[in-house]
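> Contents of start38.txt (compact mmCIF, C-alpha atoms and all ligand atoms) are given next:
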# COMPACT_ATOMS: atom_id res chain seq x y z
CA MET O 1 101.25 325.68 85.28
CA SER O 2 104.17 326.51 87.58
CA ALA O 3 105.16 324.05 90.30
CA SER O 4 103.93 326.45 92.96
CA ALA O 5 100.52 326.85 91.30
CA ASN O 6 99.93 323.12 91.08
CA PRO O 7 99.01 321.74 94.51
CA LEU O 8 100.17 318.27 93.47
CA HIS O 9 103.68 319.58 92.94
CA ARG O 10 103.80 322.04 95.79
CA ARG O 11 107.25 322.05 97.28
CA ILE O 12 108.08 322.66 100.90
CA ARG O 13 108.26 326.37 101.53
CA SER O 14 110.64 328.19 103.86
CA PHE O 15 107.83 330.42 105.16
CA VAL O 16 104.24 330.37 106.28
CA LEU O 17 102.33 333.41 105.12
CA ARG O 18 100.81 335.23 108.05
CA GLU O 19 99.13 338.11 106.32
CA GLY O 20 99.50 340.39 109.38
CA ARG O 21 97.93 343.81 109.48
CA LEU O 22 99.15 346.51 107.18
CA THR O 23 99.31 349.99 108.64
CA LYS O 24 97.68 352.72 106.60
CA GLY O 25 101.11 354.09 105.77
CA GLN O 26 102.35 350.70 104.56
CA GLN O 27 99.25 350.26 102.38
CA GLN O 28 99.70 353.72 100.90
CA ALA O 29 103.38 353.04 100.27
CA LEU O 30 102.51 349.76 98.51
CA ASN O 31 99.97 351.56 96.30
CA ALA O 32 102.12 354.55 95.50
CA LEU O 33 105.66 353.19 95.45
CA PHE O 34 105.52 349.51 94.47
CA PRO O 35 104.86 350.43 90.81
CA ARG O 36 108.14 352.38 90.84
CA PHE O 37 110.41 350.29 93.08
CA GLY O 38 108.70 346.90 92.96
CA ILE O 39 109.33 343.96 90.67
CA SER O 40 106.95 341.07 89.97
CA LEU O 41 107.44 337.54 88.69
CA SER O 42 105.33 338.41 85.64
CA GLN O 43 108.19 340.64 84.42
CA GLY O 44 110.26 337.53 83.72
CA PRO O 45 114.08 337.68 83.64
CA LEU O 46 115.48 340.97 84.92
CA ASP O 47 118.12 343.13 83.33
CA LEU O 48 119.91 344.18 86.51
CA ALA O 49 122.15 346.61 84.63
CA SER O 50 119.20 348.80 83.65
CA LEU O 51 116.83 348.05 86.56
CA PHE O 52 118.37 350.65 88.85
CA GLY O 53 118.39 353.44 86.31
CA ARG O 54 122.14 354.00 86.37
CA PRO O 55 123.96 355.28 83.29
CA ALA O 56 124.79 352.62 80.69
CA GLY O 57 128.01 350.77 81.49
CA SER O 58 127.71 351.38 85.25
CA GLN O 59 129.57 348.74 87.25
CA ALA O 60 127.59 349.28 90.50
CA PRO O 61 127.80 346.09 92.58
CA LYS O 62 124.53 344.16 92.75
CA ILE O 63 123.51 342.79 96.13
CA LEU O 64 120.51 340.59 96.89
CA GLU O 65 118.97 340.34 100.37
CA ILE O 66 116.63 337.41 100.92
CA GLY O 67 113.95 337.81 103.63
CA PHE O 68 114.62 341.41 104.65
CA GLY O 69 111.87 341.42 107.33
CA ASN O 70 110.92 345.04 108.13
CA GLY O 71 113.59 346.32 105.76
CA LEU O 72 115.35 348.56 108.27
CA SER O 73 118.74 346.87 107.82
CA LEU O 74 118.40 346.88 104.04
CA ALA O 75 117.51 350.59 103.99
CA GLU O 76 120.44 351.35 106.30
CA MET O 77 122.90 349.44 104.10
CA ALA O 78 121.59 351.12 100.94
CA ALA O 79 121.80 354.57 102.52
CA LYS O 80 125.36 354.01 103.74
CA GLN O 81 126.56 352.48 100.46
CA PRO O 82 124.96 354.47 97.64
CA GLN O 83 127.55 353.03 95.24
CA ASN O 84 125.82 349.60 95.51
CA ASP O 85 122.47 348.47 94.12
CA TYR O 86 120.27 346.34 96.40
CA LEU O 87 117.48 343.98 95.46
CA GLY O 88 115.39 342.89 98.45
CA ILE O 89 112.96 339.97 98.50
CA GLU O 90 110.38 339.46 101.23
CA VAL O 91 107.11 337.54 101.20
CA HIS O 92 105.62 339.38 104.20
CA ARG O 93 103.58 342.29 102.84
CA PRO O 94 103.82 344.63 105.85
CA GLY O 95 107.61 344.28 105.61
CA VAL O 96 107.53 345.26 101.93
CA GLY O 97 105.33 348.25 102.78
CA ASN O 98 107.69 349.23 105.56
CA LEU O 99 110.74 349.09 103.29
CA LEU O 100 108.93 351.26 100.73
CA LEU O 101 108.25 353.80 103.49
CA GLN O 102 111.97 353.81 104.30
CA ILE O 103 112.87 354.24 100.63
CA GLU O 104 110.64 357.30 100.49
CA ALA O 105 111.67 358.76 103.85
CA GLN O 106 115.38 358.44 103.07
CA GLY O 107 115.13 359.24 99.36
CA LEU O 108 116.84 355.98 98.39
CA GLU O 109 117.30 355.28 94.68
CA ASN O 110 119.41 352.13 94.92
CA ILE O 111 116.81 349.59 96.15
CA ARG O 112 114.33 347.47 94.23
CA VAL O 113 111.81 345.24 95.99
CA SER O 114 110.22 341.89 95.26
CA HIS O 115 107.25 340.47 97.15
CA ASP O 116 107.59 336.92 95.82
CA ASP O 117 109.16 333.70 97.05
CA ALA O 118 112.93 334.17 96.79
CA LEU O 119 113.34 330.73 95.24
CA GLU O 120 111.04 331.61 92.37
CA VAL O 121 112.68 335.00 91.90
CA LEU O 122 116.10 333.36 91.76
CA GLN O 123 114.97 330.65 89.39
CA GLN O 124 112.88 332.81 87.06
CA GLN O 125 114.24 336.35 87.23
CA ILE O 126 117.89 336.57 88.24
CA PRO O 127 120.33 335.89 85.41
CA ASP O 128 123.30 333.61 86.10
CA GLN O 129 126.55 335.08 87.45
CA CYS O 130 125.24 338.59 87.95
CA LEU O 131 125.32 339.08 91.73
CA ASP O 132 128.23 340.39 93.77
CA ALA O 133 126.69 339.28 97.05
CA VAL O 134 123.70 337.48 98.52
CA TYR O 135 122.71 338.24 102.10
CA LEU O 136 120.56 335.95 104.23
CA PHE O 137 120.24 337.49 107.68
CA PHE O 138 118.40 335.62 110.43
CA PRO O 139 116.34 333.30 108.24
CA ASP O 140 113.44 331.54 109.97
CA PRO O 141 115.24 328.93 112.09
CA TRP O 142 112.47 326.32 112.07
CA HIS O 143 113.53 325.00 115.48
CA LYS O 144 111.65 321.70 115.57
CA ARG O 145 113.32 318.71 113.99
CA LYS O 146 110.20 317.88 111.96
CA HIS O 147 110.40 321.39 110.44
CA HIS O 148 114.10 321.36 109.56
CA LYS O 149 113.16 320.54 105.96
CA ARG O 150 111.66 324.04 105.76
CA ARG O 151 114.99 325.72 106.41
CA ILE O 152 115.91 327.74 103.35
CA VAL O 153 119.57 326.74 103.49
CA GLN O 154 119.64 323.35 101.76
CA ALA O 155 121.98 321.89 99.14
CA ASP O 156 119.66 322.78 96.21
CA PHE O 157 119.22 326.35 97.40
CA VAL O 158 122.98 326.77 97.78
CA ARG O 159 123.56 325.45 94.25
CA LEU O 160 121.08 328.04 93.00
CA ILE O 161 122.86 330.83 94.90
CA HIS O 162 126.18 329.63 93.48
CA SER O 163 124.86 329.87 89.91
CA LYS O 164 123.71 333.47 90.44
CA LEU O 165 126.92 334.78 92.02
CA LYS O 166 129.75 336.20 89.96
CA ALA O 167 133.13 334.54 90.44
CA GLY O 168 134.47 336.02 93.68
CA GLY O 169 130.95 336.95 94.84
CA ILE O 170 129.97 336.19 98.42
CA PHE O 171 127.12 334.48 100.22
CA HIS O 172 126.75 335.99 103.69
CA MET O 173 124.50 334.32 106.26
CA ALA O 174 123.83 335.21 109.88
CA THR O 175 121.76 333.43 112.51
CA ASP O 176 121.20 333.59 116.26
CA TRP O 177 120.28 329.91 116.44
CA GLN O 178 123.35 327.77 117.01
CA HIS O 179 121.86 324.62 115.57
CA TYR O 180 121.02 326.47 112.34
CA ALA O 181 124.54 327.95 112.24
CA GLN O 182 125.94 324.41 112.44
CA HIS O 183 123.53 323.28 109.74
CA MET O 184 124.59 326.20 107.49
CA MET O 185 128.25 325.35 108.07
CA LYS O 186 127.66 321.72 107.17
CA VAL O 187 125.67 322.45 104.00
CA MET O 188 128.13 325.15 102.86
CA SER O 189 131.21 323.07 103.58
CA LEU O 190 129.82 320.27 101.40
CA ALA O 191 128.78 322.66 98.60
CA GLU O 192 131.00 322.70 95.56
CA GLY O 193 132.57 325.92 94.36
CA PHE O 194 132.58 327.84 97.63
CA GLU O 195 135.38 328.75 100.03
CA ASN O 196 134.85 329.81 103.64
CA ASN O 197 136.35 333.31 104.07
CA ALA O 198 137.07 332.60 107.74
CA GLY O 199 138.85 329.28 107.11
CA ALA O 200 137.44 325.77 107.27
CA ASP O 201 134.60 325.38 109.79
CA GLN O 202 135.12 328.89 111.17
CA TYR O 203 132.55 331.62 111.78
CA ILE O 204 133.50 335.21 110.97
CA PRO O 205 133.04 338.40 113.04
CA ARG O 206 130.13 340.58 111.89
CA PRO O 207 131.42 342.85 109.11
CA ASP O 208 130.62 346.57 109.56
CA TYR O 209 128.26 346.62 106.58
CA ARG O 210 125.77 344.32 108.37
CA PRO O 211 123.78 346.60 110.70
CA LEU O 212 123.32 345.45 114.28
CA THR O 213 119.56 345.06 114.70
CA LYS O 214 117.69 346.00 117.90
CA PHE O 215 116.76 342.37 118.29
CA GLU O 216 120.43 341.41 118.05
CA GLN O 217 121.52 344.10 120.53
CA ARG O 218 119.00 342.71 123.01
CA GLY O 219 120.32 339.21 122.36
CA HIS O 220 123.88 340.40 123.07
CA ARG O 221 122.77 341.84 126.42
CA LEU O 222 121.16 338.51 127.30
CA GLY O 223 124.34 336.71 126.35
CA HIS O 224 122.92 335.07 123.23
CA GLY O 225 125.25 334.29 120.37
CA VAL O 226 125.12 335.31 116.72
CA TRP O 227 126.99 333.44 114.02
CA ASP O 228 128.04 334.97 110.70
CA LEU O 229 129.23 332.84 107.79
CA ILE O 230 130.72 334.23 104.60
CA PHE O 231 131.43 331.92 101.71
CA GLN O 232 133.00 333.11 98.48
CA ARG O 233 132.29 331.68 95.05
CA ILE O 234 135.54 330.36 93.65
C1 LIG O 301 113.16 335.60 110.94
S1 LIG O 301 112.78 336.77 109.69
C2 LIG O 301 114.25 337.77 109.63
C3 LIG O 301 114.02 339.08 108.95
C4 LIG O 301 115.24 339.99 108.80
N1 LIG O 301 116.23 339.42 107.90
C5 LIG O 301 115.87 340.31 110.13
O1 LIG O 301 117.04 340.02 110.33
O2 LIG O 301 115.16 340.88 110.99
C6 LIG O 301 112.90 335.83 108.18
C7 LIG O 301 112.15 336.50 107.03
O3 LIG O 301 112.37 335.76 105.84
C8 LIG O 301 111.17 335.80 105.07
N2 LIG O 301 111.22 334.65 104.15
C9 LIG O 301 111.29 333.34 104.48
N3 LIG O 301 111.37 332.57 103.38
C10 LIG O 301 111.33 333.42 102.32
C11 LIG O 301 111.35 333.23 100.91
N4 LIG O 301 111.43 331.99 100.37
N5 LIG O 301 111.28 334.31 100.11
C12 LIG O 301 111.19 335.55 100.64
N6 LIG O 301 111.16 335.81 101.97
C13 LIG O 301 111.23 334.75 102.80
C14 LIG O 301 110.06 335.73 106.11
O4 LIG O 301 108.85 336.27 105.64
C15 LIG O 301 110.66 336.57 107.25
O5 LIG O 301 110.26 337.92 107.17
Just give me the structure as structure tokens.


Amino acid sequence: MSASANPLHRRIRSFVLREGRLTKGQQQALNALFPRFGISLSQGPLDLASLFGRPAGSQAPKILEIGFGNGLSLAEMAAKQPQNDYLGIEVHRPGVGNLLLQIEAQGLENIRVSHDDALEVLQQQIPDQCLDAVYLFFPDPWHKRKHHKRRIVQADFVRLIHSKLKAGGIFHMATDWQHYAQHMMKVMSLAEGFENNAGADQYIPRPDYRPLTKFEQRGHRLGHGVWDLIFQRI
């Protein structure tokens, strides 16, 4: 029995599943497109080289986005950078349905989607040293002190990310919650085998490849900050 299936060993999760309503379109997309673009834990370890259907020997960079929300940013990145392959993980079903709708509407071939807990996908399905980048954009901030243990960025999680990145691969985080940004900086600065691309204790300007979300644009107008951190595996 896996740790997650055994209530006695249940670990603290970084999310609370609110099933939320699926639109008809999202449900249809899940039925019709998940079999083609979706991956499930039951598949076991993934062969990323063949997963995206590229010719044998293709060197297409492999990028993982954890918690892609409604998938709009992920679809935009994949459309703008067809030379890359993107694997998105999101536990919220309407978000997965929405991303599948985007994949269909934009005719995207370079995205695969998982609907499982990112920690389990990383542990059970992603081979070591195979990712060029991991993106974690606006993870749930878990504002209250008593909930900080639910934040996904923790030393163990960062060690796991490190093991999955190729040498030179990057871990890119963004948050609009200053306390979480400081927490990320602290955890990452203590993590072994990473170097801050902006210099010690520095945040980095948003790179062009990270789309500016509507939510973020609104935040900018209200004078709210956003912090990007990029750490490279050395
Ligand atoms: C605050 S939302 C941000 C969504 C999106 N990245 C954005 O910028 O709009 C965080 C998302 O991470 C997802 N999430 C949290 N923990 C996760 C995990 N362990 N595995 C997969 N998804 C997770 C949540 O379901 C939620 O949709």

> I'd like a table as JSON lines: residues in region 62-134 of chain O with an atom no more than 12 Å from region 213-225 of chain O, each row giving the shortest atom pair and its distance in Å to one decimal, only C-alpha atoms counted, sorted by chain and rising residue number.


{"residue": "O:Phe68", "atom": "CA", "partner": "O:Thr213", "partner_atom": "CA", "distance": 11.8}
{"residue": "O:Gly69", "atom": "CA", "partner": "O:Thr213", "partner_atom": "CA", "distance": 11.3}
{"residue": "O:Asn70", "atom": "CA", "partner": "O:Thr213", "partner_atom": "CA", "distance": 10.9}
{"residue": "O:Gly71", "atom": "CA", "partner": "O:Thr213", "partner_atom": "CA", "distance": 10.8}
{"residue": "O:Leu72", "atom": "CA", "partner": "O:Thr213", "partner_atom": "CA", "distance": 8.4}
{"residue": "O:Ser73", "atom": "CA", "partner": "O:Thr213", "partner_atom": "CA", "distance": 7.2}
{"residue": "O:Leu74", "atom": "CA", "partner": "O:Thr213", "partner_atom": "CA", "distance": 10.9}
{"residue": "O:Glu76", "atom": "CA", "partner": "O:Thr213", "partner_atom": "CA", "distance": 10.5}
{"residue": "O:Met77", "atom": "CA", "partner": "O:Thr213", "partner_atom": "CA", "distance": 11.9}

> Please measure the separation of CA of Phe157 (chain O) and atom O5 of ligand LIG 301 (chain O), giving the value in Å to one decimal.

17.6 Å

> For Asn196 (chain O), which residue out of O:Ile234, O:Leu46, O:Tyr209, O:Val226 is the nearest one, using all atoms listed in the file?

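Among the listed residues, the smallest separation from Asn196 (chain O) belongs to O:Ile234.
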
> For ligand LIG 301 (chain O), return the neighbouring residues as a ChimeraX atom specification (distance at most 7 Å; only C-alpha atoms and all ligand atoms).

/O:13-15,66-70,89-92,116-119,136-140,152

> Could you please determine the separation between CA of Leu17 (chain O) and CA of Val113 (chain O) in Å, to one decimal place?

17.7 Å

> Could you jot down the CA of Pro141 (chain O) to CA of Leu212 (chain O) separation for me, Å, one decimal place?

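These atoms are spaced 18.5 Å apart.
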
> Kindly provide, as a list in words, the polymer residues lying within 7 Å of (112.9, 347.8, 100.2), counting all atoms listed in the file and using the coordinates exactly as they appear in the file.

Gly71, Leu74, Ala75, Gly88, Val96, Leu99, Leu100, Ile103, Ile111, Arg112 and Val113 of chain O

> Keeping C-alpha atoms, export the residues of the selection given above as a PDB file, in the frame of the given file.


ATOM      1  CA  GLY O  71     113.590 346.320 105.760  1.00  0.00           C
ATOM      2  CA  LEU O  74     118.400 346.880 104.040  1.00  0.00           C
ATOM      3  CA  ALA O  75     117.510 350.590 103.990  1.00  0.00           C
ATOM      4  CA  GLY O  88     115.390 342.890  98.450  1.00  0.00           C
ATOM      5  CA  VAL O  96     107.530 345.260 101.930  1.00  0.00           C
ATOM      6  CA  LEU O  99     110.740 349.090 103.290  1.00  0.00           C
ATOM      7  CA  LEU O 100     108.930 351.260 100.730  1.00  0.00           C
ATOM      8  CA  ILE O 103     112.870 354.240 100.630  1.00  0.00           C
ATOM      9  CA  ILE O 111     116.810 349.590  96.150  1.00  0.00           C
ATOM     10  CA  ARG O 112     114.330 347.470  94.230  1.00  0.00           C
ATOM     11  CA  VAL O 113     111.810 345.240  95.990  1.00  0.00           C
TER      12      VAL O 113
END

> To box region 54-66 of chain O, take all atoms listed in the file, fit an axis-aligned box, add 5 Å on each side, and give centre and edge lengths in Å to one decimal, as JSON.


{"center_x": 123.1, "center_y": 346.3, "center_z": 90.8, "size_x": 22.9, "size_y": 27.9, "size_z": 30.2}

> Extract, using all atoms listed in the file, all DNA, RNA and protein residues at most 6 Å from region 165-182 of chain O, discarding same-chain residues fewer than 6 positions from it, and format them as number ranges by chain.

O: 129-138, 225-234

> Contacts of Gln28 (chain O) at 12 Å or less, counting all atoms listed in the file, minus same-chain residues fewer than 2 places along, as a list of chain:residue names?

O:Leu22, O:Thr23, O:Lys24, O:Gly25, O:Gln26, O:Leu30, O:Asn31, O:Ala32, O:Leu33, O:Phe34, O:Pro35, O:Pro94, O:Val96, O:Gly97, O:Asn98, O:Leu100, O:Leu101, O:Glu104

> Taking all atoms listed in the file into account, which of O:Lys80, O:Gly38, O:Ser163, O:His183 comes nearest Lys149 (chain O)?

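The shortest atom-to-atom distance to Lys149 (chain O) comes from O:His183.
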
> Taking into account all atoms listed in the file, which residue in the set O:Asp85, O:Arg21, O:Gln124, O:Ile204 is nearest to Gln43 (chain O)?

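Using all atoms listed in the file, the shortest distance to Gln43 (chain O) belongs to O:Gln124.
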
> Which one is closest to Ser58 (chain O): O:Arg36, O:Lys146, O:Gln83, O:Lys164? Count only C-alpha atoms.

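Selected residue with least distance to Ser58 (chain O): O:Gln83.
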
> With only C-alpha atoms as the basis for distance, which of O:Gly107, O:Arg159, O:Gly53, O:Pro205 is at the shortest distance from Gly193 (chain O)?

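Selected residue with least distance to Gly193 (chain O): O:Arg159.
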
> Can you fill out region 29-59 of chain O with N, CA and C atoms and hand it back as a CSV table (one decimal), in the coordinates of the input?


chain,number,residue,atom,x,y,z
O,29,ALA,N,102.1,353.2,100.9
O,29,ALA,CA,103.4,353.0,100.3
O,29,ALA,C,103.3,351.9,99.2
O,30,LEU,N,102.6,350.8,99.5
O,30,LEU,CA,102.5,349.8,98.5
O,30,LEU,C,101.8,350.3,97.3
O,31,ASN,N,100.7,351.0,97.5
O,31,ASN,CA,100.0,351.6,96.3
O,31,ASN,C,100.8,352.5,95.5
O,32,ALA,N,101.5,353.4,96.2
O,32,ALA,CA,102.1,354.6,95.5
O,32,ALA,C,103.5,354.2,95.0
O,33,LEU,N,104.2,353.4,95.8
O,33,LEU,CA,105.7,353.2,95.4
O,33,LEU,C,106.0,351.8,94.8
O,34,PHE,N,105.2,350.8,95.1
O,34,PHE,CA,105.5,349.5,94.5
O,34,PHE,C,105.6,349.6,92.9
O,35,PRO,N,104.7,350.3,92.3
O,35,PRO,CA,104.9,350.4,90.8
O,35,PRO,C,106.2,351.0,90.4
O,36,ARG,N,106.8,351.8,91.2
O,36,ARG,CA,108.1,352.4,90.8
O,36,ARG,C,109.3,351.5,91.3
O,37,PHE,N,109.3,351.0,92.5
O,37,PHE,CA,110.4,350.3,93.1
O,37,PHE,C,110.2,348.8,93.1
O,38,GLY,N,109.0,348.3,92.8
O,38,GLY,CA,108.7,346.9,93.0
O,38,GLY,C,108.9,346.1,91.7
O,39,ILE,N,109.2,344.8,91.8
O,39,ILE,CA,109.3,344.0,90.7
O,39,ILE,C,108.4,342.7,90.9
O,40,SER,N,107.9,342.2,89.9
O,40,SER,CA,107.0,341.1,90.0
O,40,SER,C,107.4,339.9,89.1
O,41,LEU,N,107.0,338.7,89.5
O,41,LEU,CA,107.4,337.5,88.7
O,41,LEU,C,107.0,337.6,87.2
O,42,SER,N,105.8,338.3,87.0
O,42,SER,CA,105.3,338.4,85.6
O,42,SER,C,106.3,339.2,84.7
O,43,GLN,N,107.2,339.9,85.3
O,43,GLN,CA,108.2,340.6,84.4
O,43,GLN,C,109.2,339.7,83.8
O,44,GLY,N,109.3,338.5,84.3
O,44,GLY,CA,110.3,337.5,83.7
O,44,GLY,C,111.7,337.9,84.1
O,45,PRO,N,112.7,337.4,83.3
O,45,PRO,CA,114.1,337.7,83.6
O,45,PRO,C,114.4,339.2,83.7
O,46,LEU,N,115.2,339.6,84.7
O,46,LEU,CA,115.5,341.0,84.9
O,46,LEU,C,116.8,341.3,84.3
O,47,ASP,N,116.9,342.6,83.8
O,47,ASP,CA,118.1,343.1,83.3
O,47,ASP,C,118.6,344.0,84.5
O,48,LEU,N,119.5,343.4,85.3
O,48,LEU,CA,119.9,344.2,86.5
O,48,LEU,C,120.7,345.4,86.2
O,49,ALA,N,121.4,345.4,85.0
O,49,ALA,CA,122.2,346.6,84.6
O,49,ALA,C,121.3,347.8,84.4
O,50,SER,N,120.0,347.6,83.9
O,50,SER,CA,119.2,348.8,83.6
O,50,SER,C,118.1,349.0,84.7
O,51,LEU,N,117.9,348.0,85.6
O,51,LEU,CA,116.8,348.0,86.6
O,51,LEU,C,116.9,349.2,87.5
O,52,PHE,N,118.2,349.6,87.8
O,52,PHE,CA,118.4,350.6,88.8
O,52,PHE,C,118.5,352.0,88.3
O,53,GLY,N,118.4,352.1,87.0
O,53,GLY,CA,118.4,353.4,86.3
O,53,GLY,C,119.7,354.1,86.3
O,54,ARG,N,120.8,353.4,86.4
O,54,ARG,CA,122.1,354.0,86.4
O,54,ARG,C,122.5,354.2,84.9
O,55,PRO,N,123.5,355.1,84.7
O,55,PRO,CA,124.0,355.3,83.3
O,55,PRO,C,124.5,354.0,82.7
O,56,ALA,N,124.3,353.8,81.4
O,56,ALA,CA,124.8,352.6,80.7
O,56,ALA,C,126.3,352.4,81.0
O,57,GLY,N,126.6,351.1,81.2
O,57,GLY,CA,128.0,350.8,81.5
O,57,GLY,C,128.4,350.9,83.0
O,58,SER,N,127.4,351.3,83.8
O,58,SER,CA,127.7,351.4,85.2
O,58,SER,C,128.1,350.0,85.8
O,59,GLN,N,129.1,350.0,86.7
O,59,GLN,CA,129.6,348.7,87.2
O,59,GLN,C,129.1,348.6,88.7
